[in-house]
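Listing of run23.cif, mmCIF, C-alpha atoms
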```
data_start
#
loop_
_atom_site.group_PDB
_atom_site.id
_atom_site.type_symbol
_atom_site.label_atom_id
_atom_site.label_comp_id
_atom_site.auth_asym_id
_atom_site.auth_seq_id
_atom_site.Cartn_x
_atom_site.Cartn_y
_atom_site.Cartn_z
ATOM 1 C CA MET A 8 -0.941 -1.439 25.292
ATOM 2 C CA SER A 9 1.326 -0.909 22.340
ATOM 3 C CA VAL A 10 2.125 -3.126 19.388
ATOM 4 C CA GLU A 11 5.705 -3.635 18.244
ATOM 5 C CA VAL A 12 6.032 -3.639 14.471
ATOM 6 C CA GLY A 13 8.793 -5.820 13.070
ATOM 7 C CA SER A 14 10.626 -5.383 9.801
ATOM 8 C CA PRO A 15 9.194 -7.586 7.038
ATOM 9 C CA VAL A 16 12.581 -7.801 5.309
ATOM 10 C CA ALA A 17 16.308 -7.530 5.973
ATOM 11 C CA GLY A 18 17.909 -4.302 4.876
ATOM 12 C CA LEU A 19 18.542 -0.674 5.698
ATOM 13 C CA ALA A 20 15.893 1.059 7.795
ATOM 14 C CA THR A 21 15.234 4.582 6.595
ATOM 15 C CA ALA A 22 12.785 7.461 6.990
ATOM 16 C CA LEU A 23 9.547 7.277 5.028
ATOM 17 C CA THR A 24 10.454 10.585 3.385
ATOM 18 C CA GLU A 25 13.063 8.660 1.339
ATOM 19 C CA VAL A 26 10.355 6.659 -0.478
ATOM 20 C CA PRO A 27 9.943 7.790 -4.121
ATOM 21 C CA ASP A 28 6.139 7.871 -3.942
ATOM 22 C CA PRO A 29 4.197 10.803 -2.464
ATOM 23 C CA VAL A 30 1.506 8.562 -0.989
ATOM 24 C CA PHE A 31 4.102 7.079 1.339
ATOM 25 C CA SER A 32 6.647 9.888 1.664
ATOM 26 C CA GLN A 33 3.901 12.319 2.691
ATOM 27 C CA ALA A 34 2.326 9.703 4.968
ATOM 28 C CA MET A 35 -1.053 10.066 3.229
ATOM 29 C CA VAL A 36 -2.264 6.702 4.504
ATOM 30 C CA GLY A 37 -0.334 6.728 7.767
ATOM 31 C CA PRO A 38 3.095 7.099 9.395
ATOM 32 C CA GLY A 39 5.803 4.458 9.456
ATOM 33 C CA VAL A 40 9.319 3.501 8.429
ATOM 34 C CA ALA A 41 10.767 2.180 5.163
ATOM 35 C CA VAL A 42 13.334 -0.574 4.649
ATOM 36 C CA LYS A 43 15.645 -0.837 1.629
ATOM 37 C CA PRO A 44 16.038 -4.600 1.185
ATOM 38 C CA SER A 45 19.493 -6.076 0.873
ATOM 39 C CA GLY A 46 20.122 -9.172 -1.189
ATOM 40 C CA GLY A 47 18.128 -11.303 -3.586
ATOM 41 C CA ARG A 48 15.175 -13.678 -3.295
ATOM 42 C CA ALA A 49 13.889 -13.772 0.271
ATOM 43 C CA ASP A 50 10.770 -14.037 2.391
ATOM 44 C CA ALA A 51 8.781 -11.016 3.491
ATOM 45 C CA VAL A 52 7.292 -11.737 6.917
ATOM 46 C CA ALA A 53 4.320 -10.465 8.881
ATOM 47 C CA PRO A 54 5.226 -7.316 10.882
ATOM 48 C CA ILE A 55 2.680 -8.086 13.609
ATOM 49 C CA ALA A 56 0.410 -10.932 14.641
ATOM 50 C CA GLY A 57 -3.145 -10.742 13.370
ATOM 51 C CA THR A 58 -5.423 -11.303 10.408
ATOM 52 C CA VAL A 59 -4.351 -10.862 6.800
ATOM 53 C CA ALA A 60 -6.838 -8.100 5.965
ATOM 54 C CA THR A 61 -5.687 -7.356 2.431
ATOM 55 C CA LEU A 62 -3.422 -9.367 0.196
ATOM 56 C CA HIS A 63 -1.894 -8.529 -3.142
ATOM 57 C CA PRO A 64 1.229 -10.196 -4.523
ATOM 58 C CA HIS A 65 3.226 -6.999 -3.936
ATOM 59 C CA ALA A 66 1.592 -5.711 -0.740
ATOM 60 C CA PHE A 67 -0.398 -6.852 2.257
ATOM 61 C CA VAL A 68 -2.073 -5.592 5.414
ATOM 62 C CA VAL A 69 -2.065 -7.397 8.757
ATOM 63 C CA ALA A 70 -4.626 -6.200 11.323
ATOM 64 C CA SER A 71 -4.157 -6.967 15.000
ATOM 65 C CA PRO A 72 -7.104 -7.815 17.272
ATOM 66 C CA SER A 73 -6.587 -4.430 18.983
ATOM 67 C CA GLY A 74 -7.246 -2.652 15.694
ATOM 68 C CA THR A 75 -3.748 -1.722 14.585
ATOM 69 C CA ALA A 76 -3.381 -2.379 10.864
ATOM 70 C CA VAL A 77 0.075 -2.466 9.304
ATOM 71 C CA LEU A 78 0.649 -2.198 5.570
ATOM 72 C CA VAL A 79 3.750 -3.682 3.963
ATOM 73 C CA HIS A 80 4.398 -2.582 0.389
ATOM 74 C CA LEU A 81 7.096 -4.552 -1.437
ATOM 75 C CA GLY A 82 8.718 -2.024 -3.728
ATOM 76 C CA ILE A 83 7.174 0.989 -5.460
ATOM 77 C CA ASP A 84 4.739 0.756 -8.404
ATOM 78 C CA THR A 85 5.189 -3.016 -8.197
ATOM 79 C CA VAL A 86 1.466 -3.489 -8.880
ATOM 80 C CA LYS A 87 2.567 -3.178 -12.517
ATOM 81 C CA LEU A 88 4.512 -6.447 -12.234
ATOM 82 C CA LYS A 89 1.100 -8.127 -11.898
ATOM 83 C CA GLY A 90 2.359 -10.626 -9.363
ATOM 84 C CA GLU A 91 5.239 -11.885 -11.484
ATOM 85 C CA GLY A 92 8.052 -13.046 -9.212
ATOM 86 C CA PHE A 93 5.904 -12.915 -6.063
ATOM 87 C CA GLU A 94 4.926 -16.177 -4.360
ATOM 88 C CA LEU A 95 2.189 -15.999 -1.718
ATOM 89 C CA HIS A 96 2.195 -18.308 1.308
ATOM 90 C CA VAL A 97 -0.998 -17.159 3.024
ATOM 91 C CA ALA A 98 -4.553 -16.275 2.002
ATOM 92 C CA LYS A 99 -6.688 -13.247 2.815
ATOM 93 C CA GLY A 100 -8.382 -13.834 6.178
ATOM 94 C CA ASP A 101 -5.634 -16.117 7.515
ATOM 95 C CA GLN A 102 -4.284 -15.623 11.022
ATOM 96 C CA VAL A 103 -0.531 -15.039 11.043
ATOM 97 C CA GLU A 104 2.094 -14.764 13.735
ATOM 98 C CA ALA A 105 4.624 -11.924 13.755
ATOM 99 C CA GLY A 106 7.587 -13.115 11.691
ATOM 100 C CA GLN A 107 5.581 -15.677 9.705
ATOM 101 C CA ARG A 108 6.456 -15.653 6.010
ATOM 102 C CA VAL A 109 3.795 -14.076 3.835
ATOM 103 C CA VAL A 110 5.391 -13.582 0.410
ATOM 104 C CA THR A 111 8.594 -14.724 -1.235
ATOM 105 C CA TRP A 112 9.983 -12.161 -3.650
ATOM 106 C CA ASP A 113 13.219 -10.895 -5.138
ATOM 107 C CA PRO A 114 14.123 -7.237 -4.537
ATOM 108 C CA SER A 115 16.977 -7.378 -7.048
ATOM 109 C CA GLU A 116 14.633 -8.712 -9.729
ATOM 110 C CA VAL A 117 12.183 -5.881 -8.949
ATOM 111 C CA GLU A 118 15.015 -3.408 -9.481
ATOM 112 C CA SER A 119 16.008 -5.108 -12.733
ATOM 113 C CA HIS A 120 12.519 -4.215 -13.993
ATOM 114 C CA GLY A 121 13.216 -0.574 -13.167
ATOM 115 C CA TYR A 122 11.217 -0.309 -9.937
ATOM 116 C CA ALA A 123 12.455 0.754 -6.513
ATOM 117 C CA SER A 124 12.530 -2.185 -4.097
ATOM 118 C CA ILE A 125 12.157 -0.069 -0.952
ATOM 119 C CA CYS A 126 9.421 -1.350 1.392
ATOM 120 C CA PRO A 127 7.236 1.135 3.252
ATOM 121 C CA VAL A 128 5.883 -0.284 6.521
ATOM 122 C CA ILE A 129 2.860 1.838 7.456
ATOM 123 C CA ALA A 130 0.596 2.046 10.492
ATOM 124 C CA LEU A 131 -2.624 2.660 8.559
ATOM 125 C CA GLU A 132 -4.849 5.557 9.575
ATOM 126 C CA THR A 133 -2.816 6.233 12.686
ATOM 127 C CA ALA A 134 -1.779 9.619 14.055
ATOM 128 C CA PRO A 135 1.988 10.205 13.777
ATOM 129 C CA GLU A 136 2.058 10.828 17.559
ATOM 130 C CA ALA A 137 0.960 7.236 18.180
ATOM 131 C CA LEU A 138 4.284 5.933 16.892
ATOM 132 C CA ALA A 139 7.289 5.560 19.180
ATOM 133 C CA ASP A 140 10.851 4.266 19.004
ATOM 134 C CA LEU A 141 11.108 4.743 15.250
ATOM 135 C CA ARG A 142 14.160 3.093 13.760
ATOM 136 C CA GLU A 143 15.031 5.232 10.759
ATOM 137 C CA ASP A 144 18.598 4.201 10.077
ATOM 138 C CA GLY A 145 20.819 1.182 10.379
ATOM 139 C CA GLN A 146 20.703 -2.399 9.183
ATOM 140 C CA VAL A 147 17.853 -4.596 10.345
ATOM 141 C CA VAL A 148 17.039 -8.261 9.884
ATOM 142 C CA ALA A 149 13.491 -9.504 9.343
ATOM 143 C CA GLY A 150 11.630 -9.306 12.646
ATOM 144 C CA ASP A 151 13.693 -6.475 14.160
ATOM 145 C CA VAL A 152 11.392 -3.854 15.665
ATOM 146 C CA LEU A 153 10.963 -0.791 13.405
ATOM 147 C CA PHE A 154 8.557 1.121 15.646
ATOM 148 C CA SER A 155 5.810 0.626 18.177
ATOM 149 C CA VAL A 156 2.222 1.798 17.882
ATOM 150 C CA GLY A 157 0.436 2.998 20.995
ATOM 151 C CA ALA A 158 -3.150 1.979 21.588
ATOM 152 C CA MET B 13 -22.606 4.787 2.707
ATOM 153 C CA ALA B 14 -19.839 3.080 0.793
ATOM 154 C CA GLN B 15 -22.016 3.274 -2.315
ATOM 155 C CA ASP B 16 -22.386 7.028 -1.785
ATOM 156 C CA LYS B 17 -18.621 7.392 -1.587
ATOM 157 C CA ALA B 18 -18.150 5.292 -4.709
ATOM 158 C CA ALA B 19 -20.740 7.408 -6.518
ATOM 159 C CA ALA B 20 -19.090 10.636 -5.387
ATOM 160 C CA ILE B 21 -15.671 9.449 -6.559
ATOM 161 C CA LEU B 22 -17.036 8.295 -9.905
ATOM 162 C CA ALA B 23 -18.754 11.655 -10.420
ATOM 163 C CA ALA B 24 -15.560 13.528 -9.497
ATOM 164 C CA LEU B 25 -13.641 11.468 -12.052
ATOM 165 C CA GLY B 26 -15.919 12.894 -14.723
ATOM 166 C CA GLY B 27 -18.537 10.156 -14.630
ATOM 167 C CA GLY B 28 -18.626 6.593 -15.897
ATOM 168 C CA ASP B 29 -18.115 7.610 -19.537
ATOM 169 C CA ASN B 30 -14.869 9.387 -18.713
ATOM 170 C CA VAL B 31 -13.377 6.399 -16.875
ATOM 171 C CA VAL B 32 -11.496 3.937 -19.078
ATOM 172 C CA GLU B 33 -10.225 1.685 -16.319
ATOM 173 C CA ILE B 34 -10.009 1.536 -12.544
ATOM 174 C CA GLU B 35 -7.462 -0.697 -10.897
ATOM 175 C CA PRO B 36 -7.297 -0.907 -7.129
ATOM 176 C CA CYS B 37 -3.866 -0.934 -5.592
ATOM 177 C CA ILE B 38 -3.618 -1.455 -1.893
ATOM 178 C CA THR B 39 -4.086 2.162 -0.836
ATOM 179 C CA ARG B 40 -5.275 3.847 -3.995
ATOM 180 C CA LEU B 41 -7.368 3.666 -7.108
ATOM 181 C CA ARG B 42 -5.347 3.888 -10.287
ATOM 182 C CA CYS B 43 -7.746 5.325 -12.811
ATOM 183 C CA GLU B 44 -7.291 5.891 -16.507
ATOM 184 C CA VAL B 45 -9.607 8.563 -17.853
ATOM 185 C CA GLU B 46 -10.518 9.829 -21.332
ATOM 186 C CA ASP B 47 -10.177 13.479 -20.401
ATOM 187 C CA GLY B 48 -8.047 14.489 -17.412
ATOM 188 C CA SER B 49 -9.557 17.998 -17.421
ATOM 189 C CA LYS B 50 -12.907 16.526 -16.328
ATOM 190 C CA VAL B 51 -11.396 15.293 -13.073
ATOM 191 C CA ASP B 52 -12.397 17.402 -10.075
ATOM 192 C CA GLU B 53 -9.643 17.061 -7.477
ATOM 193 C CA ALA B 54 -11.481 19.104 -4.856
ATOM 194 C CA ALA B 55 -14.556 16.904 -5.230
ATOM 195 C CA LEU B 56 -12.399 13.785 -4.885
ATOM 196 C CA LYS B 57 -11.026 15.114 -1.613
ATOM 197 C CA ASN B 58 -14.541 15.982 -0.455
ATOM 198 C CA ALA B 59 -15.492 12.382 -1.210
ATOM 199 C CA GLY B 60 -12.854 11.245 1.259
ATOM 200 C CA ALA B 61 -9.659 10.914 -0.795
ATOM 201 C CA HIS B 62 -6.489 11.468 1.247
ATOM 202 C CA GLY B 63 -4.746 12.735 -1.840
ATOM 203 C CA VAL B 64 -5.009 12.922 -5.621
ATOM 204 C CA MET B 65 -2.224 12.686 -8.182
ATOM 205 C CA VAL B 66 -2.926 13.446 -11.828
ATOM 206 C CA GLN B 67 -0.427 12.635 -14.574
ATOM 207 C CA GLY B 68 -2.032 13.143 -17.959
ATOM 208 C CA SER B 69 -4.819 10.594 -18.341
ATOM 209 C CA VAL B 70 -3.788 8.650 -15.229
ATOM 210 C CA VAL B 71 -5.353 9.686 -11.943
ATOM 211 C CA GLN B 72 -4.345 8.124 -8.664
ATOM 212 C CA VAL B 73 -6.918 8.583 -5.924
ATOM 213 C CA VAL B 74 -5.530 7.771 -2.486
ATOM 214 C CA VAL B 75 -8.371 6.249 -0.493
ATOM 215 C CA GLY B 76 -6.571 4.045 2.020
ATOM 216 C CA PRO B 77 -7.035 0.323 2.540
ATOM 217 C CA GLU B 78 -10.656 0.273 1.368
ATOM 218 C CA ALA B 79 -9.463 0.690 -2.232
ATOM 219 C CA ASP B 80 -10.453 -2.867 -3.168
ATOM 220 C CA THR B 81 -14.071 -2.603 -2.038
ATOM 221 C CA LEU B 82 -14.426 0.938 -3.399
ATOM 222 C CA ALA B 83 -13.198 -0.183 -6.811
ATOM 223 C CA GLU B 84 -15.806 -2.974 -6.811
ATOM 224 C CA ASP B 85 -18.541 -0.521 -5.831
ATOM 225 C CA ILE B 86 -17.471 1.866 -8.594
ATOM 226 C CA GLU B 87 -17.457 -0.949 -11.159
ATOM 227 C CA ASP B 88 -21.004 -1.828 -10.081
ATOM 228 C CA LEU B 89 -22.070 1.757 -10.788
ATOM 229 C CA ARG B 90 -20.521 1.977 -14.241
#
```
Kindly return the structure encoded in the file as structure tokens.
Amino acid sequence: MSVEVGSPVAGLATALTEVPDPVFSQAMVGPGVAVKPSGGRADAVAPIAGTVATLHPHAFVVASPSGTAVLVHLGIDTVKLKGEGFELHVAKGDQVEAGQRVVTWDPSEVESHGYASICPVIALETAPEALADLREDGQVVAGDVLFSVGA
Amino acid sequence: MAQDKAAAILAALGGGDNVVEIEPCITRLRCEVEDGSKVDEAALKNAGAHGVMVQGSVVQVVVGPEADTLAEDIEDLR
């Protein structure tokens, strides 16, 4: 059984190697795809259905019952914004559906603070071979499938 | 087990006295240290770090999604 991972945001899907952070570009915590958000204030949605395993204003992890955990990081080095401009709609431990809004944020505001707004979407601690159907270019809307993770 | 890992990471960072601050980000520990030369990158990797990035007095230890709990364990040891 495989899990389809949807884009948390609307924007331009791109290879992880484009992310200006070695942790993500070198897939140190897992493989995935990145999305460069288009537009201003918007919702970031859950990429898969499951439990909110980790929650920060600028990043979250959703873990499926089958054990797949997907990390969404909203922008790079955005921990330094200390949550400013990020509005959370769920709590750690909550069950979420794929496509359910998790955080409202503003990619253009993030960029105005000098940070990249690109969003890595990572299958945590997964072998690169487990990923299929990677979408690494083209415009996506929130919920469009970025890749699937095999069991 | 987790305590052992926390202890190993703290030791590799040069010990509690060398650590000014540890802030967990979602996949990594952002550590500020007194003396970057006391940081043992090889030991950090042996302790389970996926990667280590040192920029002056700031050390980022990539530990994956357990960063939050590890940071708490390290704080308990300091």
>> Could you list, as number ranges by chain, every residue within 9 Å of B:Ala23, counting only C-alpha atoms and ignoring same-chain residues fewer than 4 positions away?
In response: B: 18-19, 27-28, 51-52, 55-56
>> Expand the PyMOL selection byres ((chain A) within 12 of (chain B)) into the explicit residue set it covers here, and present it as a PyMOL selection string.
In response: chain A and resi 28-31+33-37+60-70+76-81+83-87+89+129-133
Pull C-alpha atoms from the residues just selected and write them as a compact mmCIF listing (two decimals), in the coordinates of the input.
```txt
# COMPACT_ATOMS: atom_id res chain seq x y z
CA ASP A 28 6.14 7.87 -3.94
CA PRO A 29 4.20 10.80 -2.46
CA VAL A 30 1.51 8.56 -0.99
CA PHE A 31 4.10 7.08 1.34
CA GLN A 33 3.90 12.32 2.69
CA ALA A 34 2.33 9.70 4.97
CA MET A 35 -1.05 10.07 3.23
CA VAL A 36 -2.26 6.70 4.50
CA GLY A 37 -0.33 6.73 7.77
CA ALA A 60 -6.84 -8.10 5.96
CA THR A 61 -5.69 -7.36 2.43
CA LEU A 62 -3.42 -9.37 0.20
CA HIS A 63 -1.89 -8.53 -3.14
CA PRO A 64 1.23 -10.20 -4.52
CA HIS A 65 3.23 -7.00 -3.94
CA ALA A 66 1.59 -5.71 -0.74
CA PHE A 67 -0.40 -6.85 2.26
CA VAL A 68 -2.07 -5.59 5.41
CA VAL A 69 -2.06 -7.40 8.76
CA ALA A 70 -4.63 -6.20 11.32
CA ALA A 76 -3.38 -2.38 10.86
CA VAL A 77 0.08 -2.47 9.30
CA LEU A 78 0.65 -2.20 5.57
CA VAL A 79 3.75 -3.68 3.96
CA HIS A 80 4.40 -2.58 0.39
CA LEU A 81 7.10 -4.55 -1.44
CA ILE A 83 7.17 0.99 -5.46
CA ASP A 84 4.74 0.76 -8.40
CA THR A 85 5.19 -3.02 -8.20
CA VAL A 86 1.47 -3.49 -8.88
CA LYS A 87 2.57 -3.18 -12.52
CA LYS A 89 1.10 -8.13 -11.90
CA ILE A 129 2.86 1.84 7.46
CA ALA A 130 0.60 2.05 10.49
CA LEU A 131 -2.62 2.66 8.56
CA GLU A 132 -4.85 5.56 9.57
CA THR A 133 -2.82 6.23 12.69
```
>> Can you pull out the residues contacting A:Val52? Cut-off 7 Å, using all atoms listed in the file, and skip same-chain residues under 3 positions away; I want them as a ChimeraX atom specification.
In response: /A:15-16,106-109
> Quick one: residues within 8 Å of A:Glu104, only C-alpha atoms counted, chain neighbours fewer than 5 positions away excluded, as a ChimeraX atom specification?
Replying inline: /A:53,55-57
>> Rounded to one decimal, what separation in Å do you get between atom CA of A:Ser119 and atom CA of A:Ala41?
In response: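 Interatomic distance, atom CA of A:Ser119 to atom CA of A:Ala41: 20.0 Å.
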> Which polymer residues have any atom within 12 Å of an atom of A:Ala149, counting only C-alpha atoms, with same-chain residues fewer than 3 positions away left out, as a PyMOL selection string?
Replying inline: chain A and resi 12-20+42-45+49-55+105-108+146+152-153
> So how many Å separate atom CA of A:Pro135 and atom CA of A:Ser71, to one decimal?
Replying inline: 18.3 Å
Centre and edge lengths, as lines of an AutoDock Vina configuration file, for the axis-aligned box enclosing every listed atom of stretch 15-33 of chain A with 6 Å of padding on each of the six sides, in Å to one decimal?
```
center_x = 10.0
center_y = 2.3
center_z = 1.8
size_x = 29.0
size_y = 32.1
size_z = 23.9
```
>> As an exercise, work out the distance from atom CA of A:Glu143 to atom CA of A:Ile125 in Å and give it to one decimal place.
In response: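 Atom CA of A:Ile125 lies 13.2 Å from atom CA of A:Glu143.
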>> Starting from the PyMOL selection byres ((chain B and resi 50) around 12), expand the selection into actual residues of this file and give them as a list in words.
In response: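 Residues picked by the PyMOL selection byres ((chain B and resi 50) around 12): Leu22, Ala23, Ala24, Leu25, Gly26, Gly27, Gly28, Asp29, Asn30, Val31, Val45, Glu46, Asp47, Gly48, Ser49, Val51, Asp52, Glu53, Ala54, Ala55, Leu56, Val66, Gly68, Ser69 and Val71 of chain B.
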> Which of these residues is nearest to A:Thr24, using only C-alpha atoms: A:Val40, A:Val117, A:Cys126, A:Leu141?
Replying inline: A:Val40
> Taking the file as shown, what set of residues would the PyMOL selection byres ((chain B and resi 86) around 10) give back, as JSON, numbers by chain?
Replying inline: {"B": [14, 15, 16, 17, 18, 19, 20, 21, 22, 28, 34, 81, 82, 83, 84, 85, 87, 88, 89, 90]}
Complete stretch 125-150 of chain A at the level of N, CA and C atoms, written as a JSON list (two decimals), keeping the file's coordinate frame.
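After the write, part39.json holds the following:
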```json
[["chain", "number", "residue", "atom", "x", "y", "z"],
["A", 125, "ILE", "N", 12.35, -0.51, -2.34],
["A", 125, "ILE", "CA", 12.16, -0.07, -0.95],
["A", 125, "ILE", "C", 10.75, -0.46, -0.46],
["A", 126, "CYS", "N", 10.68, -0.84, 0.82],
["A", 126, "CYS", "CA", 9.42, -1.35, 1.39],
["A", 126, "CYS", "C", 8.90, -0.42, 2.48],
["A", 127, "PRO", "N", 7.86, 0.36, 2.18],
["A", 127, "PRO", "CA", 7.24, 1.14, 3.25],
["A", 127, "PRO", "C", 6.47, 0.20, 4.20],
["A", 128, "VAL", "N", 6.62, 0.46, 5.49],
["A", 128, "VAL", "CA", 5.88, -0.28, 6.52],
["A", 128, "VAL", "C", 5.06, 0.77, 7.26],
["A", 129, "ILE", "N", 3.73, 0.72, 7.08],
["A", 129, "ILE", "CA", 2.86, 1.84, 7.46],
["A", 129, "ILE", "C", 1.84, 1.42, 8.51],
["A", 130, "ALA", "N", 1.70, 2.22, 9.54],
["A", 130, "ALA", "CA", 0.60, 2.05, 10.49],
["A", 130, "ALA", "C", -0.60, 2.79, 9.90],
["A", 131, "LEU", "N", -1.54, 2.04, 9.32],
["A", 131, "LEU", "CA", -2.62, 2.66, 8.56],
["A", 131, "LEU", "C", -3.53, 3.51, 9.45],
["A", 132, "GLU", "N", -3.87, 4.67, 8.93],
["A", 132, "GLU", "CA", -4.85, 5.56, 9.57],
["A", 132, "GLU", "C", -4.55, 5.74, 11.06],
["A", 133, "THR", "N", -3.29, 6.02, 11.32],
["A", 133, "THR", "CA", -2.82, 6.23, 12.69],
["A", 133, "THR", "C", -2.22, 7.64, 12.76],
["A", 134, "ALA", "N", -2.40, 8.31, 13.87],
["A", 134, "ALA", "CA", -1.78, 9.62, 14.06],
["A", 134, "ALA", "C", -0.28, 9.43, 14.23],
["A", 135, "PRO", "N", 0.53, 10.33, 13.64],
["A", 135, "PRO", "CA", 1.99, 10.20, 13.78],
["A", 135, "PRO", "C", 2.43, 10.13, 15.24],
["A", 136, "GLU", "N", 1.69, 10.80, 16.14],
["A", 136, "GLU", "CA", 2.06, 10.83, 17.56],
["A", 136, "GLU", "C", 1.93, 9.45, 18.21],
["A", 137, "ALA", "N", 1.17, 8.56, 17.58],
["A", 137, "ALA", "CA", 0.96, 7.24, 18.18],
["A", 137, "ALA", "C", 2.17, 6.33, 18.01],
["A", 138, "LEU", "N", 3.11, 6.76, 17.13],
["A", 138, "LEU", "CA", 4.28, 5.93, 16.89],
["A", 138, "LEU", "C", 5.42, 6.32, 17.83],
["A", 139, "ALA", "N", 6.15, 5.30, 18.31],
["A", 139, "ALA", "CA", 7.29, 5.56, 19.18],
["A", 139, "ALA", "C", 8.45, 4.67, 18.76],
["A", 140, "ASP", "N", 9.63, 5.06, 19.21],
["A", 140, "ASP", "CA", 10.85, 4.27, 19.00],
["A", 140, "ASP", "C", 11.11, 3.97, 17.53],
["A", 141, "LEU", "N", 10.90, 4.97, 16.67],
["A", 141, "LEU", "CA", 11.11, 4.74, 15.25],
["A", 141, "LEU", "C", 12.58, 4.48, 14.94],
["A", 142, "ARG", "N", 12.81, 3.41, 14.19],
["A", 142, "ARG", "CA", 14.16, 3.09, 13.76],
["A", 142, "ARG", "C", 14.28, 3.54, 12.31],
["A", 143, "GLU", "N", 14.99, 4.65, 12.10],
["A", 143, "GLU", "CA", 15.03, 5.23, 10.76],
["A", 143, "GLU", "C", 16.41, 5.21, 10.15],
["A", 144, "ASP", "N", 17.33, 4.46, 10.76],
["A", 144, "ASP", "CA", 18.60, 4.20, 10.08],
["A", 144, "ASP", "C", 19.21, 2.94, 10.66],
["A", 145, "GLY", "N", 20.13, 2.39, 9.92],
["A", 145, "GLY", "CA", 20.82, 1.18, 10.38],
["A", 145, "GLY", "C", 20.25, -0.08, 9.76],
["A", 146, "GLN", "N", 21.10, -1.12, 9.76],
["A", 146, "GLN", "CA", 20.70, -2.40, 9.18],
["A", 146, "GLN", "C", 19.76, -3.14, 10.13],
["A", 147, "VAL", "N", 18.76, -3.76, 9.56],
["A", 147, "VAL", "CA", 17.85, -4.60, 10.34],
["A", 147, "VAL", "C", 17.76, -5.97, 9.67],
["A", 148, "VAL", "N", 17.42, -6.98, 10.46],
["A", 148, "VAL", "CA", 17.04, -8.26, 9.88],
["A", 148, "VAL", "C", 15.53, -8.38, 10.03],
["A", 149, "ALA", "N", 14.93, -9.32, 9.27],
["A", 149, "ALA", "CA", 13.49, -9.50, 9.34],
["A", 149, "ALA", "C", 13.10, -9.80, 10.78],
["A", 150, "GLY", "N", 12.09, -9.10, 11.28],
["A", 150, "GLY", "CA", 11.63, -9.31, 12.65],
["A", 150, "GLY", "C", 12.14, -8.26, 13.63]]
```
